[in-house]
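Each remark here refers to the structure printed beneath this line.
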Amino acid sequence: PVYDIEATAFRRAFALPDPGWMWSVDVPAFSLRFVALDLHHTRDIGTTWQSCHAYDAKSEQYRWYRRVTEQAANRRMVTLYNAQNNAVRGLAGGIWRPLLKRNVLCVAGFGHFAERAEADGVTYLNTSLIGRGDRYPDPRSKFLASEDNYVLLTATRSADGVRLVASIKSLDGRVLDSVDVTGGARQ
C-alpha cells in the first residue's frame with residue numbers, strides 16, 4: 001500500500017480520542033459535537049492508493065457515525081473529513097446523506113480552493129491552506145474562490161443562546177465568506 005490508513009506514525013506522536021482514525025468530542029458549554037471521519041480518496045478503496053477505511057453500510061466507520069449522530073441529542077454537530085463534499089453525500093448509494101443532514105456544518109479539506117455549498121439545510125465548506133489549484137465545485141456551491149484559506153468557527157453565548165458563525169478567511173485574515181450556522185440541522 002502507498003498509504004498507512006491506520007496513521008501509525010501520526011498516532012505515535014498525537015493522542016486522539018476514540019480509535020484515532022475517527023473520533024468525536026463534545027463541547028458542552030456551546031452544545032457542540034465535533035466529529036472526524038476517515039474519508040479521503042474514496043474512489044481508491046481496494047487499490048494500492050487506498051487512504052481511508054471502508055465506508056459502506058456494513059463498515060465500522062459508517063455504523064459508528066450513525067451511532068454518534070443518533071446520540072447527538074441537543075448538540076449541534078460539525079463533521080470533518082477530507083473528501084469532496086458532494087461525493088460524500090453520494091457515497092455508498094447515498095447512505096451518508098441522511099446522517100450528514102444531522103449536522104449544521106461539514107468541513108472538508110479536499111482540493112485547493114475555498115468553497116461554501118448549501119444542501120439539505122446543511123452548510124458544506126471546503127478549505128485549503130494552498131487555495132490556488134484545480135477547483136471541483138459542488139453543484140450546490142454558493143461561494144467559490146482560488147485563494148489560500150482556512151475555516152474559523154466562532155461560537156458566542158448570549159441570553160438568546162449560542163450563535164455559531166463559520167467563516168472562510170484568507171491567510172492574511174480577510175473574511176472571504178461567512179455564514180451563520182446556528183440553526184439548520186437537528187439540534
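Residue names in the C-alpha cells use chain letters A, B, ... in the order shown, residue numbers from 1 in each chain, and ligand numbers from 1 in the order shown.
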Each residue of segment 80-132 of chain A with at least one atom at most 8 Å from segment 53-76 of chain A should appear once, together with its nearest atom pair and the corresponding distance in Å (one decimal); atoms considered: only C-alpha atoms; ordering: chain, then increasing residue number; output as a tab-separated table.
residue	atom	partner	partner_atom	distance
A:Leu91	CA	A:Tyr55	CA	7.7
A:Ala92	CA	A:Asp56	CA	5.5
A:Ile95	CA	A:Ala57	CA	7.1
A:Trp96	CA	A:Tyr62	CA	7.8
A:Leu99	CA	A:Arg66	CA	6.5
A:Arg102	CA	A:Thr69	CA	6.8
A:Asn103	CA	A:Arg76	CA	6.5
A:Val104	CA	A:Arg76	CA	6.2
DSSP alpha helix (DSSP H) selection over segment 1-184 of chain A, as a PyMOL selection string: chain A and resi 8-13+60-70+85-94+97-100
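Summary of the local environment: counting only C-alpha atoms, residues at most 9 Å from segment 145-150 of chain A, other than itself and those fewer than 5 positions away along its chain, are His112, Phe113, Ala114, Glu115, Asn126, Thr127, Ser128, Leu129, Ile130, Gly131, Arg132, Gly133, Asp134, Arg135, Ser167, Ile168, Lys169, Ser170, Leu171, Asp172, Gly173 and Leu176 of chain A.
Using only C-alpha atoms, the nearest neighbour of Tyr124 of chain A within the list A:Arg33, A:Arg163, A:His41, A:Lys101 is A:Lys101.
The space between atom CA of Leu39 of chain A and atom CA of Leu144 of chain A spans 22.0 Å.
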Residues flagged strand (DSSP E) by DSSP in chain A, as an MDAnalysis selection string: chainID A and resid 23:27 32:40 76:82 105:108 114:119 122:126 141:145 149:158 161:170 175:180
